[in-house]
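> Pasting a structure below so you can have a look.
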Amino acid sequence: MASEHLAELVKSLPTTPGVYLFKEAAGKVIYVGKAASLRARVRSYFQSTGDERPKLAALVPKVADLEFIVTDSEAEALLLENTLIKRHRPPFNTRLKDDKTYPYLKIPLHEPWARPYITRRVESDGARYFGPFASASSLRQTMALIKKLFPYRSCNRVITGKDPRPCLDYYIHRCLAPCIGACTKDQYDAVIAQVVLFLEGKEDTVARQLRAEMQAASAGLDFERAALLRDRLQAVLRVSEQQKAAAPGGDDQDVIALAQGRDDALVDIFFLRKGRIIGREHFPIAGAQGDTPGQVITSFVKQYYDSAPQIPKVVLLQHPIEDQALIEGWLANKRGARVSIRVPRRGKKRELVEMVAANAQEWLQQTRVRWMSDAGNLQGALEELQEQLDLPRLPRRIECYDVSNIHGTNPTASMVVFLEGRSARAHYRKFSIKGVRGIDDYAMMQEALGRRFKAFARGEAGASPEAGTSATTAGVQEAPAPSAAAGLTAPQFGVRRLRRARRPGDGPPPKGADTSFAARPDLILIDGGRGHLNAALEVVLQLGVEDVALASIAKQEELLFTPDTPDPIVLPRSSPALYLVQRIRDEAHRFAITYHRQRRSRGELKSALDGIGGIGPKRRRALLRRFGSVQGIREAPLEEIAAVVGMTRRVAERLKEQL
């Protein structure tokens, strides 16, 4: 419930458009929003509206005071909202990370002897701006490219044309050297104009100009200049060929898509000009926890285009946004022409959006991997995990298990291993579940764990390794898998109770042993809730596996369960330990579902020849080589089938009958 002070403030709010600022008790702004009617919008926060978003539930109790600014229109409120979000950086707003520091490429066309350079401020000074770029490094890569293509000056000296000698750039054909008067002002300005055209994505125009200049130089017998122009033309054409022709039609478009985790998000934007991808940028997003994809993209569009110097004719989005008509009008006003925001549902444009979304997802994953590759981060995550789970030692070896099936069909399980916080693919193992019928995830998990620790108990592998980085226990004769309801006994697994877990100092495992199964984990992590944990605990206790910690992680709430604590453990959202556990859980899920799909695909590709008496692998191969397909066999005369090497007339008759 809002305080009396806050309730009175809400009642006194005007019904006009404007911006509201929520403040905590210390006076810090924690949220900024806009509204067509300030009173109605702000009052909705403190009423029961059925909106159960976690962010809203966390925000409202912290609001101790509010401030508002009235505007003449909702469009003005939109602009003011962006400005205030950048100024206050409120934690409950979805926002670009470090948006104040995004760099731009500036070309001051109004200055004599203009040169491109990096700036972090966009002004109305007649200069051309390109960006914003996600980082200074990506902008420097762009500048390095255009510097190779166009010989503009990169120095900041005063140009008089009377310097005694030029710098090295002149001798390697990277500058026209206006400092010594080696070019005219018109010649230099033509190069700068080509830089602008190139950055706008108009490589074809640049190529035509260079070709015309080359031909003119050749006709004038200036073969040295013609050769330089030829090399520059070829370089521009190579860059142009590398740019993917992706957009149907020739409209200038920006394509925006999102990759969103539970606690992080990243937006990718591809720039298409005249049907070609001329660049891309990726922007990390802060404060997106609990927001829908549409809300995140809405915030990005407003904040990005608030400072973007170039706005295309079309903006393609992955998800619908809020206030689309209002934002289209705002963008059209900035561009000076109509702007269309679209969310394609099918066709080439939808494929283009999906490509950008896949790139965003890949970049977000790479960001996580880079975080995981930092030894300091990993050590801190392991130490925090040890403390939070009250482990007796640092969890240097973590094994995570997951099961995958569709309505009980083709059930599989995975075991992934992380050593010192890093993925150890050579230790991954996969299980084909054989002893469970129907949908029983608990029993499937118990079968996988039982087989793994049966091998551990006797100090040898339950299977021989397959090719690649994984092994399967599919070829092992196992006792029937236990059921969660039936209870477990050690004889079911044919194993005696362990006196002591195998330790690193015990020497090498027996000859032929699977080193992954012979190793003792410091922590077993189960993908699931309390029920999955109890099923795993039952297996471990019945097999007498000692000195191994157990925990499970529930997917939705990201809660950790341990056998010794009745309440779940909630790690902070910014916790390195939670990040590590999520990474391990996701890897186990990926590995399990990949193997499940492989098994399902093999089942779906079974030939119609399977199961026909007398048709074994050799005859099947011979028939398919002779007739090409099952349909070819079905249409072939009986005599031709019987004439195939290895076939008899009796088997051929049976085959024709059953086909």
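Chain labels A, B, ... are given in the sequence in which chains occur in the structure tokens; within each chain residues are numbered consecutively from 1, and ligands are likewise numbered from 1 in the order shown.
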Could you give me, as a list of chain:residue names, each residue of region 406-463 of chain A that DSSP assigns to strand (DSSP E) when run on this structure's backbone?

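Filtering region 406-463 of chain A to strand (DSSP E) leaves A:Ile406, A:Thr409, A:Asn410, A:Pro411, A:Thr412, A:Ala413, A:Ser414, A:Met415, A:Val416, A:Val417, A:Phe418, A:Leu419, A:Arg422, A:Ser423, A:Tyr428, A:Arg429, A:Lys430, A:Phe431, A:Ser432.
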
> Mind dumping the selected residues with C-alpha atoms as a CSV table (one decimal), in the first residue's frame?


```
chain,number,residue,atom,x,y,z
A,406,ILE,CA,9.1,-36.5,-25.7
A,409,THR,CA,9.8,-41.7,-26.3
A,410,ASN,CA,13.6,-42.0,-27.1
A,411,PRO,CA,14.5,-41.1,-23.5
A,412,THR,CA,18.1,-39.9,-23.0
A,413,ALA,CA,20.2,-38.5,-20.2
A,414,SER,CA,23.4,-36.4,-20.1
A,415,MET,CA,26.3,-36.0,-17.8
A,416,VAL,CA,28.4,-32.9,-18.3
A,417,VAL,CA,31.5,-32.1,-16.3
A,418,PHE,CA,33.1,-28.8,-15.4
A,419,LEU,CA,36.6,-28.9,-14.0
A,422,ARG,CA,35.5,-24.8,-17.2
A,423,SER,CA,33.7,-27.2,-19.5
A,428,TYR,CA,30.9,-35.7,-21.0
A,429,ARG,CA,28.8,-38.9,-21.1
A,430,LYS,CA,25.4,-39.7,-22.5
A,431,PHE,CA,23.0,-42.4,-21.6
A,432,SER,CA,20.3,-44.1,-23.6
```

> Please provide as an MDAnalysis selection string all residues within 12 Å of Asp306 (chain A), with the sequence filter that same-chain residues fewer than 5 positions apart are discarded (counting only C-alpha atoms).

chainID A and resid 78:83 85:86 96 99:100 122 131:132 299:301 311 327 330:331 333:335

> When you look at Ala360 (chain A) with a cut-off of 8 Å (counting only C-alpha atoms), what residues show up, excluding the ones that are within fewer than 4 positions of it in the same chain? I need them as a list in words.

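The filter keeps Ala257, Leu258, Ala259, Leu266, Val267, Asp268, His282, Val356 and Leu364 of chain A.
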
> Interatomic distance between CA of Val548 (chain A) and CA of Pro576 (chain A)?

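Computing it gives 22.4 Å between the two atoms.
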
> Could you name the residues that touch Asn156 (chain A) at 12 Å or less, counting only C-alpha atoms, but leaving out those on the same chain fewer than 3 positions away, as a PDB file with N, CA and C atoms, in the first residue's frame?


```
ATOM      1  N   PRO A 112      37.629  23.476 -43.471  1.00  0.00           N
ATOM      2  CA  PRO A 112      38.555  23.230 -44.586  1.00  0.00           C
ATOM      3  C   PRO A 112      39.436  22.020 -44.284  1.00  0.00           C
ATOM      4  N   TRP A 113      39.712  21.240 -45.334  1.00  0.00           N
ATOM      5  CA  TRP A 113      40.553  20.043 -45.182  1.00  0.00           C
ATOM      6  C   TRP A 113      40.014  19.131 -44.077  1.00  0.00           C
ATOM      7  N   ALA A 114      38.743  18.792 -44.178  1.00  0.00           N
ATOM      8  CA  ALA A 114      38.072  17.983 -43.151  1.00  0.00           C
ATOM      9  C   ALA A 114      38.726  16.611 -43.026  1.00  0.00           C
ATOM     10  N   ARG A 115      38.669  16.082 -41.836  1.00  0.00           N
ATOM     11  CA  ARG A 115      39.176  14.724 -41.593  1.00  0.00           C
ATOM     12  C   ARG A 115      38.233  14.012 -40.633  1.00  0.00           C
ATOM     13  N   PRO A 116      37.962  12.718 -40.822  1.00  0.00           N
ATOM     14  CA  PRO A 116      37.121  11.954 -39.899  1.00  0.00           C
ATOM     15  C   PRO A 116      37.844  11.733 -38.571  1.00  0.00           C
ATOM     16  N   TYR A 117      37.097  11.796 -37.502  1.00  0.00           N
ATOM     17  CA  TYR A 117      37.665  11.490 -36.192  1.00  0.00           C
ATOM     18  C   TYR A 117      36.558  11.049 -35.238  1.00  0.00           C
ATOM     19  N   TYR A 152      42.628  10.239 -47.176  1.00  0.00           N
ATOM     20  CA  TYR A 152      42.413  11.512 -46.495  1.00  0.00           C
ATOM     21  C   TYR A 152      43.481  11.693 -45.418  1.00  0.00           C
ATOM     22  N   ARG A 153      43.630  12.899 -44.946  1.00  0.00           N
ATOM     23  CA  ARG A 153      44.647  13.165 -43.932  1.00  0.00           C
ATOM     24  C   ARG A 153      44.141  12.708 -42.560  1.00  0.00           C
ATOM     25  N   ILE A 159      46.851  23.139 -42.216  1.00  0.00           N
ATOM     26  CA  ILE A 159      47.224  22.943 -43.610  1.00  0.00           C
ATOM     27  C   ILE A 159      47.494  24.298 -44.267  1.00  0.00           C
ATOM     28  N   CYS A 179      49.300  19.051 -47.086  1.00  0.00           N
ATOM     29  CA  CYS A 179      50.233  19.844 -46.284  1.00  0.00           C
ATOM     30  C   CYS A 179      51.376  20.400 -47.127  1.00  0.00           C
TER      31      CYS A 179
END
```

> Mind giving me the straight-line distance from CA of Tyr104 (chain A) to CA of Gln303 (chain A) in Å, one decimal?

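These atoms are spaced 15.3 Å apart.
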
> Quick one: everything within 12 Å of Asp323 (chain A), counting only C-alpha atoms, minus sequence neighbours fewer than 3 positions away in the same chain. Send it as a ChimeraX atom specification.

/A:34-36,74-75,78,294-295,297-299,301-302,320,326-330,341

> Which residue out of A:Thr367, A:Gln388, A:Ser138, A:Ser307 has the minimum interatomic distance to Glu123 (chain A) when only C-alpha atoms are used?

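Going through A:Thr367, A:Gln388, A:Ser138, A:Ser307 one by one, the smallest distance to Glu123 (chain A) is for A:Ser307.
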
> DSSP on the backbone: which residues in region 332-424 of chain A end up as alpha helix (DSSP H)? Give the answer as a ChimeraX atom specification.

/A:332-335,347-372,375-389

> Tell me which protein, DNA and RNA residues are within 9 Å of Leu523 (chain A), counting only C-alpha atoms, leaving out same-chain ones fewer than 6 positions away, and put them as a PyMOL selection string.

chain A and resi 391+395-400+548-551

> Skip Ala357 (chain A) itself and residues of its chain fewer than 2 positions away, then list as a ChimeraX atom specification all residues within 12 Å of it, counting only C-alpha atoms.

/A:255-260,265-270,282,293,316-319,350-355,359-364

> Of the candidates A:Gly380, A:Lys55, A:Leu168, A:Gly181, which one gets nearest to Asp291 (chain A) if we count only C-alpha atoms?

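Distance minimum relative to Asp291 (chain A) lands on A:Lys55.
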
> Select, from A:Glu639, A:Asp564, A:Asp390, A:Asp402, the residue with the minimum atom-to-atom distance to Asp586 (chain A), counting only C-alpha atoms.

A:Asp402
